[in-house]
Amino acid sequence: MDVSGKNVIITGGASGIGAALARKMGEAGARVVVADLDGAAAVTLAEEIGGLGLACDVTQEADIQAVVAATEDRFGQVDIFVSNAGLGRGEPSHAASADNAVWQLQWDVHVMSHVFAARAVLPGMIARGDGYLVNMASAAGLLSQIGDAAYTATKHAAVAFAESLAIGHFDDGVKVSVICPQYVATPLIGLSAEDAANTPALRTPEQVAQSVMQGIAEERFMILPHAEVAQFEQLRATDRDRWLHGMRGLRAKALRDLGGLKLDQFYKLM
Ligand SMILES: NC(=O)c1ccc[n+]([C@@H]2O[C@H](COP(=O)([O-])OP(=O)(O)OC[C@H]3O[C@@H](n4cnc5c(N)ncnc54)[C@H](O)[C@@H]3O)[C@@H](O)[C@H]2O)c1
């Protein structure tokens with residue numbers, strides 16, 4: 001899809017990958033609505049790119065409906081909805097040790113927000129025979145994030161929901177992409193763009209945003225900013241026991257060489 005002249009909502013758009021994508025979309029001639037839990041940061045970025053900034057908690061269906069209504073009021077129909085908001089919490093000890101509130105929050109932010117967005121805009125897209133849903137998952141949604149079972153499980157669910165959308169609504173003219181990056185230097189993993197310099201395993205938010213722009217232009221379902229993830233996924237599908245053996249080795253290496261399962265250090269093992 002050519003994004004020029006299109007109306008685009010980006011959740012979690014005030015920071016990291018979402019902010020980089022908002023800027024790229026703006027440069028490409030889209031009208032961008034930046035929706036974020038941090039409403040002040042959303043407004044600041046929207047002013048920079050000539051868009052609309054709104055406070056929004058994506059776990060609240062009414063907030064997503066309000067963002068869609070405000071977009072329609074200001075710009076008209078929603079052409080592209082990018083469900084990007086996300087967070088990582090890690091786990092205190094064993095794989096089931098994160099408390100119920102953490103599991104619920106990740107389920108709500110990583111999965112239900114995508115459901116709420118689709119519910120709000122799909123009927124209009126189906127009626128027009130056109131529209132685009134872009135859902136942020138993670139390489140953890142195809143593989144696994146060692147040390148964060150809730151993140152991994154909910155990102156797998158996000159990929160599965162995107163597949164359901166892509167299967168169910170291609171014939172309605174609705175395009176769907178799912179984004180599955182590995183490590184990206186953003187506040188979510190406690191890294192800055194400087195950390196990504198000369199570090200091949202780390203992408204900057206701008207590099208990921210560029211991959212997303214290309215994926216949307218090509219209307220490709222699977223957007224992999226780290227191309228090697230395709231090979232890892234293939235290995236996992238071909239021989240699950242061998243893949244698990246490799247992941248156990250990676251976990252042991254992290255404990256030995258990094259002194260723990262540290263999200264801001266994992267890229268050093270890639
Ligand atoms: N950084 C990585 O290594 C990485 C890798 C793969 C996938 N991702 C995914 O990319 C997406 C963006 O993350 P990022 O790395 O840019 O992190 P980030 O922390 O820079 O940005 C996340 C944004 O989401 C917003 N947000 C969080 N909860 C929200 C809520 N309930 N409602 C509305 N907004 C909310 C935050 O305020 C923040 O602005 C996430 O879904 C994340 O899981 C990140």
# chains A, B, ... in the order shown; residues from 1 in each chain; ligands from 1
>>> select_by_dssp(residues="range 73-228 of chain A", states="strand (DSSP E or B)", output="ChimeraX atom specification")
/A:80-83,131-136,174-179,184,203,222-223
>>> write_last_selection(atoms="C-alpha atoms", output="PDB file, in the first residue's frame")
ATOM      1  CA  ILE A  80      -4.026   1.870   8.491  1.00  0.00           C
ATOM      2  CA  PHE A  81      -4.098   0.836  12.161  1.00  0.00           C
ATOM      3  CA  VAL A  82      -0.710  -0.023  13.631  1.00  0.00           C
ATOM      4  CA  SER A  83      -1.113  -1.855  16.964  1.00  0.00           C
ATOM      5  CA  GLY A 131      -7.679  -1.100   4.776  1.00  0.00           C
ATOM      6  CA  TYR A 132      -4.557  -2.288   6.539  1.00  0.00           C
ATOM      7  CA  LEU A 133      -3.954  -3.790   9.986  1.00  0.00           C
ATOM      8  CA  VAL A 134      -0.305  -3.820  11.087  1.00  0.00           C
ATOM      9  CA  ASN A 135       0.259  -5.720  14.319  1.00  0.00           C
ATOM     10  CA  MET A 136       3.490  -5.642  16.297  1.00  0.00           C
ATOM     11  CA  VAL A 174      -8.059  -5.931   4.130  1.00  0.00           C
ATOM     12  CA  LYS A 175      -4.273  -6.242   4.248  1.00  0.00           C
ATOM     13  CA  VAL A 176      -2.527  -7.581   7.357  1.00  0.00           C
ATOM     14  CA  SER A 177       1.113  -7.531   8.440  1.00  0.00           C
ATOM     15  CA  VAL A 178       2.747  -8.812  11.601  1.00  0.00           C
ATOM     16  CA  ILE A 179       6.139  -7.460  12.704  1.00  0.00           C
ATOM     17  CA  VAL A 184      15.834  -3.260  19.063  1.00  0.00           C
ATOM     18  CA  ARG A 203      18.556  -2.736  15.295  1.00  0.00           C
ATOM     19  CA  MET A 222       5.532 -11.325   7.819  1.00  0.00           C
ATOM     20  CA  ILE A 223       7.874  -8.398   8.429  1.00  0.00           C
TER      21      ILE A 223
END
>>> residues_around(residues="Leu224 in chain A", least_positions_apart="4", cutoff="9 Å", atoms="only C-alpha atoms", output="JSON, numbers by chain")
{"A": [138, 139, 178, 179, 180, 181, 182, 208, 211, 212, 215, 228, 229, 230]}
>>> residues_near_ligand(ligand="ligand 1", cutoff="6 Å", atoms="only C-alpha atoms and all ligand atoms", output="PyMOL selection string")
chain A and resi 11-18+36-38+56-59+84-87+109+136-138+181-189
>>> write_last_selection(atoms="C-alpha atoms", output="PDB file, in the first residue's frame")
ATOM      1  CA  THR A  11      -0.464   2.920  19.281  1.00  0.00           C
ATOM      2  CA  GLY A  12       2.588   3.135  21.511  1.00  0.00           C
ATOM      3  CA  GLY A  13       3.606   5.775  18.995  1.00  0.00           C
ATOM      4  CA  ALA A  14       5.309   8.144  21.429  1.00  0.00           C
ATOM      5  CA  SER A  15       8.516   6.134  21.898  1.00  0.00           C
ATOM      6  CA  GLY A  16      10.913   3.684  20.274  1.00  0.00           C
ATOM      7  CA  ILE A  17       9.748   1.827  17.173  1.00  0.00           C
ATOM      8  CA  GLY A  18       6.318   3.490  17.148  1.00  0.00           C
ATOM      9  CA  ASP A  36       0.040   6.411  23.694  1.00  0.00           C
ATOM     10  CA  LEU A  37      -0.339   5.875  27.410  1.00  0.00           C
ATOM     11  CA  ASP A  38       2.009   8.855  27.652  1.00  0.00           C
ATOM     12  CA  CYS A  56      -4.814   6.161  25.074  1.00  0.00           C
ATOM     13  CA  ASP A  57      -4.570   3.055  27.208  1.00  0.00           C
ATOM     14  CA  VAL A  58      -4.819   0.216  24.693  1.00  0.00           C
ATOM     15  CA  THR A  59      -6.043  -2.183  27.371  1.00  0.00           C
ATOM     16  CA  ASN A  84       2.380  -1.368  18.305  1.00  0.00           C
ATOM     17  CA  ALA A  85       2.122  -0.668  22.062  1.00  0.00           C
ATOM     18  CA  GLY A  86       3.940  -3.199  24.179  1.00  0.00           C
ATOM     19  CA  LEU A  87       5.950  -3.804  27.322  1.00  0.00           C
ATOM     20  CA  VAL A 109      -1.572  -5.025  25.846  1.00  0.00           C
ATOM     21  CA  MET A 136       3.490  -5.642  16.297  1.00  0.00           C
ATOM     22  CA  ALA A 137       4.481  -9.016  17.714  1.00  0.00           C
ATOM     23  CA  SER A 138       8.142 -10.006  18.178  1.00  0.00           C
ATOM     24  CA  PRO A 181      11.824  -8.078  15.334  1.00  0.00           C
ATOM     25  CA  GLN A 182      14.552  -9.452  17.549  1.00  0.00           C
ATOM     26  CA  TYR A 183      16.414  -6.975  19.735  1.00  0.00           C
ATOM     27  CA  VAL A 184      15.834  -3.260  19.063  1.00  0.00           C
ATOM     28  CA  ALA A 185      17.579  -0.476  21.003  1.00  0.00           C
ATOM     29  CA  THR A 186      14.606   1.157  22.766  1.00  0.00           C
ATOM     30  CA  PRO A 187      13.556   1.957  26.348  1.00  0.00           C
ATOM     31  CA  LEU A 188      11.632  -1.347  26.418  1.00  0.00           C
ATOM     32  CA  ILE A 189      14.898  -3.265  26.724  1.00  0.00           C
TER      33      ILE A 189
END
>>> closest_residue(among="A:Ala217, A:Ala157, A:Leu191, A:Leu142", to="Pro205 in chain A", atoms="only C-alpha atoms")
A:Leu191
>>> atom_distance(atom1="CA of Trp103 in chain A", atom2="CA of Phe116 in chain A")
18.3 Å
>>> atom_distance(atom1="CA of Val67 in chain A", atom2="CA of Glu219 in chain A")
24.5 Å
>>> closest_residue(among="A:Arg251, A:Lys268, A:Lys155, A:Arg23", to="Ala46 in chain A", atoms="only C-alpha atoms")
A:Arg23
>>> atom_distance(atom1="CA of Ala254 in chain A", atom2="CA of Glu206 in chain A")
27.5 Å
>>> residues_around(residues="Val3 in chain A", least_positions_apart="2", cutoff="12 Å", atoms="only C-alpha atoms", output="NGL selection string")
:A and (1 or 5-9 or 21-22 or 24-32 or 78-81 or 131-132 or 212-219)
>>> write_last_selection(atoms="C-alpha atoms", output="short mmCIF file (atom, residue, chain, number, x, y, z; two decimals), in the first residue's frame")
data_model
loop_
_atom_site.label_atom_id
_atom_site.label_comp_id
_atom_site.auth_asym_id
_atom_site.auth_seq_id
_atom_site.Cartn_x
_atom_site.Cartn_y
_atom_site.Cartn_z
CA MET A 1 0.00 0.00 0.00
CA GLY A 5 -2.42 10.59 1.91
CA LYS A 6 -3.52 7.73 4.18
CA ASN A 7 -4.85 8.14 7.73
CA VAL A 8 -2.75 6.08 10.13
CA ILE A 9 -3.14 5.34 13.85
CA LEU A 21 7.45 4.73 12.36
CA ALA A 22 5.28 7.81 13.01
CA LYS A 24 8.62 7.84 8.60
CA MET A 25 4.89 7.72 7.90
CA GLY A 26 4.71 11.51 8.24
CA GLU A 27 7.65 11.96 5.85
CA ALA A 28 5.89 9.66 3.37
CA GLY A 29 2.81 11.89 3.36
CA ALA A 30 0.51 10.02 5.74
CA ARG A 31 -1.67 11.78 8.33
CA VAL A 32 -0.57 10.21 11.59
CA VAL A 78 -8.85 4.98 9.30
CA ASP A 79 -6.83 3.47 6.46
CA ILE A 80 -4.03 1.87 8.49
CA PHE A 81 -4.10 0.84 12.16
CA GLY A 131 -7.68 -1.10 4.78
CA TYR A 132 -4.56 -2.29 6.54
CA VAL A 212 7.92 -1.86 8.29
CA MET A 213 7.53 0.81 5.59
CA GLN A 214 8.94 -1.63 3.04
CA GLY A 215 6.72 -4.47 4.27
CA ILE A 216 3.64 -2.25 3.99
CA ALA A 217 4.66 -1.07 0.51
CA GLU A 218 4.94 -4.74 -0.53
CA GLU A 219 1.85 -5.74 1.49
#
>>> closest_residue(among="A:Val34, A:Ala158, A:Ala166, A:Ala140", to="Arg220 in chain A", atoms="only C-alpha atoms")
A:Ala166
>>> decode(residues="range 99-235 of chain A", atoms="C-alpha atoms", output="compact mmCIF listing (two decimals), in the first residue's frame")
# COMPACT_ATOMS: atom_id res chain seq x y z
CA ASP A 99 2.09 -12.79 39.09
CA ASN A 100 -1.38 -12.88 37.57
CA ALA A 101 -1.48 -9.10 37.13
CA VAL A 102 1.63 -9.23 34.93
CA TRP A 103 0.24 -12.06 32.80
CA GLN A 104 -3.09 -10.24 32.47
CA LEU A 105 -1.42 -6.93 31.55
CA GLN A 106 0.67 -8.58 28.83
CA TRP A 107 -2.40 -10.40 27.50
CA ASP A 108 -4.35 -7.14 27.41
CA VAL A 109 -1.57 -5.03 25.85
CA HIS A 110 -0.23 -7.59 23.36
CA VAL A 111 -3.41 -9.38 22.32
CA MET A 112 -6.70 -7.76 23.38
CA SER A 113 -5.57 -4.34 22.11
CA HIS A 114 -5.19 -5.91 18.64
CA VAL A 115 -8.67 -7.40 18.97
CA PHE A 116 -10.11 -4.03 20.07
CA ALA A 117 -8.44 -2.25 17.14
CA ALA A 118 -9.71 -4.76 14.60
CA ARG A 119 -13.19 -4.64 16.10
CA ALA A 120 -13.21 -0.85 15.83
CA VAL A 121 -12.00 -0.50 12.23
CA LEU A 122 -12.71 -3.80 10.42
CA PRO A 123 -16.40 -3.17 9.65
CA GLY A 124 -15.52 0.10 7.87
CA MET A 125 -12.59 -1.51 6.04
CA ILE A 126 -14.73 -4.45 4.92
CA ALA A 127 -17.45 -2.05 3.71
CA ARG A 128 -14.87 -0.07 1.69
CA GLY A 129 -13.01 -3.20 0.51
CA ASP A 130 -9.76 -1.62 1.65
CA GLY A 131 -7.68 -1.10 4.78
CA TYR A 132 -4.56 -2.29 6.54
CA LEU A 133 -3.95 -3.79 9.99
CA VAL A 134 -0.30 -3.82 11.09
CA ASN A 135 0.26 -5.72 14.32
CA MET A 136 3.49 -5.64 16.30
CA ALA A 137 4.48 -9.02 17.71
CA SER A 138 8.14 -10.01 18.18
CA ALA A 139 10.63 -12.71 17.23
CA ALA A 140 9.54 -14.01 20.66
CA GLY A 141 6.15 -14.66 19.03
CA LEU A 142 7.81 -17.08 16.60
CA LEU A 143 10.57 -18.41 18.84
CA SER A 144 10.92 -17.62 22.58
CA GLN A 145 12.17 -14.87 24.88
CA ILE A 146 14.26 -16.66 27.47
CA GLY A 147 13.28 -15.37 30.92
CA ASP A 148 9.85 -14.01 29.99
CA ALA A 149 7.17 -16.65 29.51
CA ALA A 150 4.30 -14.14 29.62
CA TYR A 151 5.89 -11.99 26.91
CA THR A 152 6.57 -15.08 24.79
CA ALA A 153 3.10 -16.58 25.18
CA THR A 154 1.26 -13.34 24.45
CA LYS A 155 3.45 -12.50 21.45
CA HIS A 156 2.74 -16.00 20.04
CA ALA A 157 -0.95 -15.22 20.49
CA ALA A 158 -0.47 -11.90 18.68
CA VAL A 159 1.02 -13.71 15.67
CA ALA A 160 -1.85 -16.22 15.73
CA PHE A 161 -4.46 -13.45 15.81
CA ALA A 162 -2.76 -11.66 12.91
CA GLU A 163 -2.89 -14.91 10.94
CA SER A 164 -6.61 -15.23 11.64
CA LEU A 165 -7.12 -11.68 10.35
CA ALA A 166 -5.04 -12.38 7.25
CA ILE A 167 -6.89 -15.61 6.48
CA GLY A 168 -10.34 -14.22 7.19
CA HIS A 169 -10.18 -10.83 5.53
CA PHE A 170 -7.88 -11.00 2.50
CA ASP A 171 -10.92 -11.50 0.28
CA ASP A 172 -12.49 -8.42 1.93
CA GLY A 173 -9.60 -6.30 0.66
CA VAL A 174 -8.06 -5.93 4.13
CA LYS A 175 -4.27 -6.24 4.25
CA VAL A 176 -2.53 -7.58 7.36
CA SER A 177 1.11 -7.53 8.44
CA VAL A 178 2.75 -8.81 11.60
CA ILE A 179 6.14 -7.46 12.70
CA CYS A 180 8.56 -9.84 14.44
CA PRO A 181 11.82 -8.08 15.33
CA GLN A 182 14.55 -9.45 17.55
CA TYR A 183 16.41 -6.98 19.74
CA VAL A 184 15.83 -3.26 19.06
CA ALA A 185 17.58 -0.48 21.00
CA THR A 186 14.61 1.16 22.77
CA PRO A 187 13.56 1.96 26.35
CA LEU A 188 11.63 -1.35 26.42
CA ILE A 189 14.90 -3.27 26.72
CA GLY A 190 16.77 -0.41 28.38
CA LEU A 191 18.96 0.49 25.39
CA SER A 192 19.55 3.63 23.37
CA ALA A 193 20.40 4.20 19.70
CA GLU A 194 24.09 4.61 20.63
CA ASP A 195 24.09 1.05 21.96
CA ALA A 196 23.10 -0.15 18.49
CA ALA A 197 26.12 1.41 16.78
CA ASN A 198 28.42 -1.29 15.39
CA THR A 199 26.27 -4.00 16.96
CA PRO A 200 24.89 -6.17 14.14
CA ALA A 201 22.40 -8.06 16.35
CA LEU A 202 20.77 -4.82 17.54
CA ARG A 203 18.56 -2.74 15.30
CA THR A 204 17.71 0.92 15.80
CA PRO A 205 14.03 1.91 15.88
CA GLU A 206 14.63 3.72 12.56
CA GLN A 207 15.90 0.53 10.90
CA VAL A 208 12.85 -1.37 12.10
CA ALA A 209 10.53 1.43 10.96
CA GLN A 210 12.20 1.28 7.54
CA SER A 211 11.54 -2.49 7.35
CA VAL A 212 7.92 -1.86 8.29
CA MET A 213 7.53 0.81 5.59
CA GLN A 214 8.94 -1.63 3.04
CA GLY A 215 6.72 -4.47 4.27
CA ILE A 216 3.64 -2.25 3.99
CA ALA A 217 4.66 -1.07 0.51
CA GLU A 218 4.94 -4.74 -0.53
CA GLU A 219 1.85 -5.74 1.49
CA ARG A 220 3.87 -8.59 3.00
CA PHE A 221 2.35 -10.49 5.92
CA MET A 222 5.53 -11.32 7.82
CA ILE A 223 7.87 -8.40 8.43
CA LEU A 224 11.24 -9.55 9.77
CA PRO A 225 13.63 -6.67 10.50
CA HIS A 226 16.20 -9.34 11.49
CA ALA A 227 16.24 -11.65 8.44
CA GLU A 228 17.95 -14.47 10.38
CA VAL A 229 14.73 -15.03 12.38
CA ALA A 230 13.34 -16.88 9.33
CA GLN A 231 16.10 -19.50 9.62
CA PHE A 232 15.59 -19.86 13.38
CA GLU A 233 11.88 -20.37 12.83
CA GLN A 234 12.59 -22.99 10.18
CA LEU A 235 14.92 -24.86 12.53
